[in-house]
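Note: the block below is target.txt and it holds compact mmCIF, C-alpha atoms.
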# COMPACT_ATOMS: atom_id res chain seq x y z
CA GLY A 193 -119.97 -79.07 -96.79
CA THR A 194 -117.58 -78.44 -94.03
CA GLY A 195 -115.34 -75.36 -93.89
CA GLN A 196 -114.99 -74.76 -97.63
CA ILE A 197 -113.71 -71.43 -98.93
CA CYS A 198 -115.51 -69.61 -101.73
CA GLU A 199 -114.10 -67.31 -104.38
CA ASN A 200 -114.23 -64.16 -102.23
CA SER A 201 -112.34 -65.91 -99.39
CA ARG A 202 -115.32 -65.97 -97.03
CA ILE A 203 -115.86 -69.24 -95.25
CA LEU A 204 -119.05 -71.07 -96.08
CA MET A 205 -121.32 -72.36 -93.31
CA ASP A 206 -119.92 -75.46 -91.63
CA ASP A 207 -121.94 -78.34 -90.18
CA ARG A 208 -121.42 -77.22 -86.56
CA HIS A 209 -122.74 -73.71 -87.23
CA ALA A 210 -125.66 -75.18 -89.22
CA ARG A 211 -126.59 -77.47 -86.32
CA ALA A 212 -126.47 -74.55 -83.86
CA LEU A 213 -128.79 -72.55 -86.15
CA VAL A 214 -131.20 -75.47 -86.44
CA GLU A 215 -131.29 -75.83 -82.65
CA ARG A 216 -132.19 -72.12 -82.33
CA CYS A 217 -135.01 -72.69 -84.85
CA LEU A 218 -136.54 -75.71 -83.09
CA PRO A 219 -138.92 -73.75 -80.81
CA ARG A 220 -140.71 -72.40 -83.93
CA PHE A 221 -141.02 -75.74 -85.79
CA ALA A 222 -144.54 -76.51 -84.51
CA ALA A 223 -145.87 -73.04 -85.41
CA ALA A 224 -144.35 -73.43 -88.89
CA GLY A 225 -146.06 -76.78 -89.42
CA LEU A 226 -142.78 -78.68 -89.32
CA ARG A 227 -142.28 -81.94 -87.48
CA VAL A 228 -141.45 -81.14 -83.85
CA LEU A 229 -137.90 -82.15 -82.95
CA ASP A 230 -135.80 -81.99 -79.84
CA ALA A 231 -132.09 -81.12 -80.09
CA ALA A 232 -131.25 -84.61 -78.81
CA ASP A 233 -133.19 -86.11 -81.78
CA ILE A 234 -130.88 -84.50 -84.37
CA ARG A 235 -128.34 -86.94 -85.83
CA SER A 236 -126.87 -84.57 -88.41
CA VAL A 237 -127.43 -81.39 -90.39
CA GLN A 238 -126.31 -81.40 -94.02
CA VAL A 239 -125.43 -78.01 -95.52
CA LYS A 240 -125.96 -77.23 -99.20
CA ARG A 241 -125.24 -73.78 -100.61
CA ILE A 242 -128.08 -73.03 -103.04
CA ALA A 243 -127.42 -69.36 -103.94
CA SER A 244 -124.98 -66.53 -103.48
CA LEU A 245 -126.02 -62.97 -102.59
CA TRP A 246 -125.26 -59.70 -104.37
CA ALA A 247 -121.57 -58.77 -104.56
CA GLY A 248 -120.57 -61.91 -102.64
CA MET A 249 -122.16 -60.58 -99.44
CA GLY A 250 -123.29 -64.00 -98.28
CA SER A 251 -125.13 -67.13 -99.27
CA VAL A 252 -128.41 -68.97 -99.02
CA TYR A 253 -128.23 -72.53 -97.67
CA LYS A 254 -130.54 -75.50 -97.53
CA LEU A 255 -130.13 -77.22 -94.16
CA THR A 256 -131.32 -80.83 -94.19
CA ILE A 257 -131.91 -82.32 -90.76
CA ALA A 258 -131.62 -86.05 -90.16
CA SER A 259 -133.21 -87.18 -86.90
CA SER A 260 -133.27 -90.41 -84.95
CA SER A 261 -136.80 -91.04 -86.21
CA GLY A 262 -138.95 -89.78 -89.06
CA PRO A 263 -138.23 -88.30 -92.47
CA LEU A 264 -135.64 -85.66 -93.32
CA THR A 265 -136.64 -82.05 -92.64
CA SER A 266 -135.24 -79.11 -94.61
CA ILE A 267 -135.15 -75.40 -93.83
CA VAL A 268 -133.44 -72.43 -95.48
CA ALA A 269 -130.83 -70.13 -93.93
CA LYS A 270 -129.83 -66.84 -95.54
CA HIS A 271 -126.51 -65.61 -94.14
CA VAL A 272 -125.57 -62.01 -95.01
CA GLU A 273 -122.02 -60.72 -94.44
CA LEU A 274 -121.96 -56.96 -94.89
CA PRO A 275 -118.74 -54.98 -95.17
CA ARG A 276 -117.59 -53.34 -91.93
CA ILE A 277 -118.04 -49.93 -93.56
CA CYS A 278 -120.67 -49.46 -96.25
CA SER A 279 -119.02 -46.52 -97.99
CA SER A 280 -120.56 -46.86 -101.45
CA ILE A 281 -124.18 -46.00 -102.19
CA GLY A 282 -124.65 -49.52 -103.54
CA ASP A 283 -123.43 -51.15 -100.30
CA GLN A 284 -125.61 -48.79 -98.23
CA ARG A 285 -128.61 -49.75 -100.40
CA LYS A 286 -127.87 -53.47 -99.95
CA LYS A 287 -127.48 -53.06 -96.17
CA ALA A 288 -130.81 -51.21 -95.94
CA SER A 289 -132.45 -53.94 -98.02
CA TYR A 290 -131.14 -56.72 -95.75
CA ASP A 291 -132.13 -54.76 -92.61
CA VAL A 292 -135.69 -54.44 -93.96
CA GLU A 293 -135.78 -58.14 -94.86
CA ALA A 294 -134.67 -59.06 -91.32
CA ALA A 295 -137.41 -56.77 -89.92
CA PHE A 296 -139.98 -58.38 -92.24
CA TYR A 297 -139.23 -61.83 -90.84
CA SER A 298 -138.54 -60.91 -87.20
CA ARG A 299 -141.42 -58.48 -86.60
CA GLY A 300 -144.40 -60.55 -87.71
CA HIS A 301 -144.91 -59.37 -91.28
CA ALA A 302 -144.31 -62.79 -92.86
CA GLU A 303 -146.74 -64.42 -90.42
CA ARG A 304 -149.29 -61.68 -91.10
CA LEU A 305 -149.15 -62.39 -94.85
CA ILE A 306 -149.32 -66.15 -94.28
CA ALA A 307 -152.48 -65.63 -92.17
CA ALA A 308 -153.93 -63.58 -95.06
CA GLY A 309 -153.31 -66.49 -97.45
CA ALA A 310 -150.06 -65.42 -99.15
CA ALA A 311 -147.32 -67.98 -99.79
CA VAL A 312 -144.39 -66.68 -97.73
CA PRO A 313 -141.63 -68.61 -95.93
CA PHE A 314 -142.42 -68.97 -92.22
CA PRO A 315 -139.74 -67.28 -90.08
CA LEU A 316 -137.92 -69.61 -87.71
CA HIS A 317 -135.05 -67.47 -86.40
CA VAL A 318 -133.40 -64.11 -87.15
CA GLU A 319 -130.10 -63.03 -85.65
CA ARG A 320 -127.71 -60.15 -86.05
CA ALA A 321 -124.07 -60.45 -85.13
CA HIS A 322 -121.45 -57.71 -84.70
CA GLY A 323 -123.69 -55.13 -86.40
CA GLU A 324 -122.59 -56.50 -89.79
CA ASN A 325 -123.98 -59.99 -90.23
CA VAL A 326 -127.61 -61.06 -90.48
CA THR A 327 -128.89 -64.64 -90.58
CA ILE A 328 -132.52 -65.39 -91.44
CA CYS A 329 -133.78 -68.95 -91.04
CA MET A 330 -137.13 -69.84 -92.62
CA THR A 331 -139.18 -72.66 -94.04
CA GLN A 332 -138.65 -73.67 -97.63
CA LEU A 333 -141.40 -72.81 -100.13
CA GLU A 334 -142.28 -75.62 -102.50
CA GLY A 335 -143.08 -75.13 -106.15
CA SER A 336 -141.58 -73.35 -109.10
CA SER A 337 -141.72 -69.89 -110.57
CA ASN A 338 -142.97 -71.05 -113.96
CA HIS A 339 -146.00 -73.20 -113.21
CA ARG A 340 -149.36 -73.23 -114.97
CA GLY A 341 -151.53 -70.34 -113.81
CA GLY A 342 -148.44 -68.45 -112.62
CA ASN A 343 -149.63 -65.00 -113.71
CA LYS A 344 -152.95 -65.40 -111.91
CA ALA A 345 -151.18 -66.70 -108.77
CA PHE A 346 -148.73 -63.79 -108.89
CA VAL A 347 -151.46 -61.16 -109.20
CA GLY A 348 -153.40 -62.88 -106.40
CA TRP A 349 -150.33 -62.80 -104.14
CA LEU A 350 -149.72 -59.14 -104.91
CA ALA A 351 -153.39 -58.34 -104.18
CA CYS A 352 -153.07 -60.13 -100.83
CA LEU A 353 -149.95 -58.09 -99.97
CA HIS A 354 -151.65 -54.80 -100.82
CA ALA A 355 -154.88 -55.72 -99.02
CA THR A 356 -152.91 -56.59 -95.88
CA TYR A 357 -151.13 -53.22 -95.72
CA TRP A 358 -153.62 -50.94 -97.52
CA GLY A 359 -154.65 -47.77 -95.73
CA LYS A 360 -152.71 -45.13 -93.89
CA ALA A 361 -152.98 -46.64 -90.40
CA ARG A 362 -151.74 -50.12 -91.46
CA ALA A 363 -149.05 -48.73 -93.75
CA ASP A 364 -147.79 -46.26 -91.12
CA GLU A 365 -147.70 -48.99 -88.47
CA ALA A 366 -145.59 -51.20 -90.74
CA CYS A 367 -143.15 -48.40 -91.57
CA GLU A 368 -142.52 -46.70 -88.23
CA PRO A 369 -138.78 -46.75 -87.52
CA ALA A 370 -139.44 -47.65 -83.88
CA GLY A 371 -142.19 -50.04 -84.91
CA SER A 372 -141.94 -52.64 -87.61
CA GLY A 373 -138.96 -51.38 -89.59
CA LEU A 374 -140.25 -51.58 -93.15
CA GLN A 375 -139.56 -48.87 -95.73
CA LYS A 376 -142.16 -46.28 -96.71
CA GLN A 377 -141.05 -46.74 -100.30
CA GLY A 378 -140.05 -50.37 -100.21
CA CYS A 379 -138.88 -50.68 -103.77
CA TYR A 380 -135.22 -51.54 -104.23
CA TRP A 381 -135.30 -49.77 -107.60
CA HIS A 382 -136.73 -46.45 -106.31
CA LEU A 383 -134.76 -43.67 -108.04
CA ASP A 384 -133.83 -42.01 -104.73
CA THR A 385 -131.74 -45.10 -103.96
CA ARG A 386 -129.89 -44.85 -107.28
CA PRO A 387 -128.39 -41.34 -107.59
CA GLU A 388 -125.30 -42.69 -109.39
CA GLU A 389 -127.43 -44.18 -112.18
CA HIS A 390 -129.51 -41.06 -112.88
CA ALA A 391 -127.06 -38.28 -112.00

Would you write out, as structure tokens, the structure that this file holds?
Amino acid sequence: GTGQICENSRILMDDRHARALVERCLPRFAAAGLRVLDAADIRSVQVKRIASLWAGMGSVYKLTIASSSGPLTSIVAKHVELPRICSSIGDQRKKASYDVEAAFYSRGHAERLIAAGAAVPFPLHVERAHGENVTICMTQLEGSSNHRGGNKAFVGWLACLHATYWGKARADEACEPAGSGLQKQGCYWHLDTRPEEHA
């Protein structure tokens, strides 16, 4: 869709912005296992909003790329629009969560988990604009959350995550503020992040 307005009066991603994002992602297509494209090969980029984020702070889009040759290629773009001032504890918690997610994709953590055998979207491009907005472009994971053997697959994925970061040296490296930018207690539901709920 082109230039539509959603319920909170924020403009959805238009085709021109989507194409510009796709072009910034192209250098990472080969590493992600996607068909290699040149910007001149792109005929169009179709935008489909597939989810909205907490409190209307953005959307997740499926970007479908039609090229001059070959099948359609799809990627995912998560566009976060944070308030100029995060005055509430909830908004501060959301901002911290999105900052950590951007660090996860931009600083090699997703690729590290993929190399260890975990199913994680491959990062294609991460950008921050005006200190408020974050856009994360990634490959699309196939499958569903309720497939046969789901519990075993989930526990296996969790084991892979823990094995990748287990031990003080690996955990500290991942959590250094100047290093990789992940949280020492990376749980969104940690009680220290919810003083209003347990006051």

Quick one: of A:His209, A:Cys367, A:Glu273, A:Ala231, who's nearest to Ala321 of chain A, counting all atoms listed in the file? A:Glu273

Selection near Leu333 of chain A, 8 Å with only C-alpha atoms, sequence-local residues under 2 positions removed, as a compact mmCIF listing (two decimals) with C-alpha atoms, in the coordinates of the input:
# COMPACT_ATOMS: atom_id res chain seq x y z
CA ALA A 311 -147.32 -67.98 -99.79
CA VAL A 312 -144.39 -66.68 -97.73
CA PRO A 313 -141.63 -68.61 -95.93
CA THR A 331 -139.18 -72.66 -94.04
CA GLY A 335 -143.08 -75.13 -106.15

Residue nearest Val292 of chain A - candidates A:Ala366, A:Ala307, A:Ala351, A:Arg216, atoms counted: only C-alpha atoms: A:Ala366

Counting all atoms listed in the file, which of A:Thr356, A:Gln238, A:Asn343, A:Ser279 gets nearest to Thr256 of chain A? A:Gln238

Expected residue set, 10 Å radius at (-122.6, -57.3, -107.4), all atoms listed in the file, as number ranges by chain: A: 245-249, 282-283, 286

So which residues touch Val272 of chain A within 12 Å, counting only C-alpha atoms, skipping near sequence neighbours fewer than 2 positions away, as an NGL selection string? :A and (202 or 204-205 or 243-253 or 269-270 or 274-275 or 286-287 or 289-291 or 293-294 or 318-329)

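Picture a line from atom CA of Ser261 of chain A to atom CA of Ile234 of chain A; it runs 9.0 Å.
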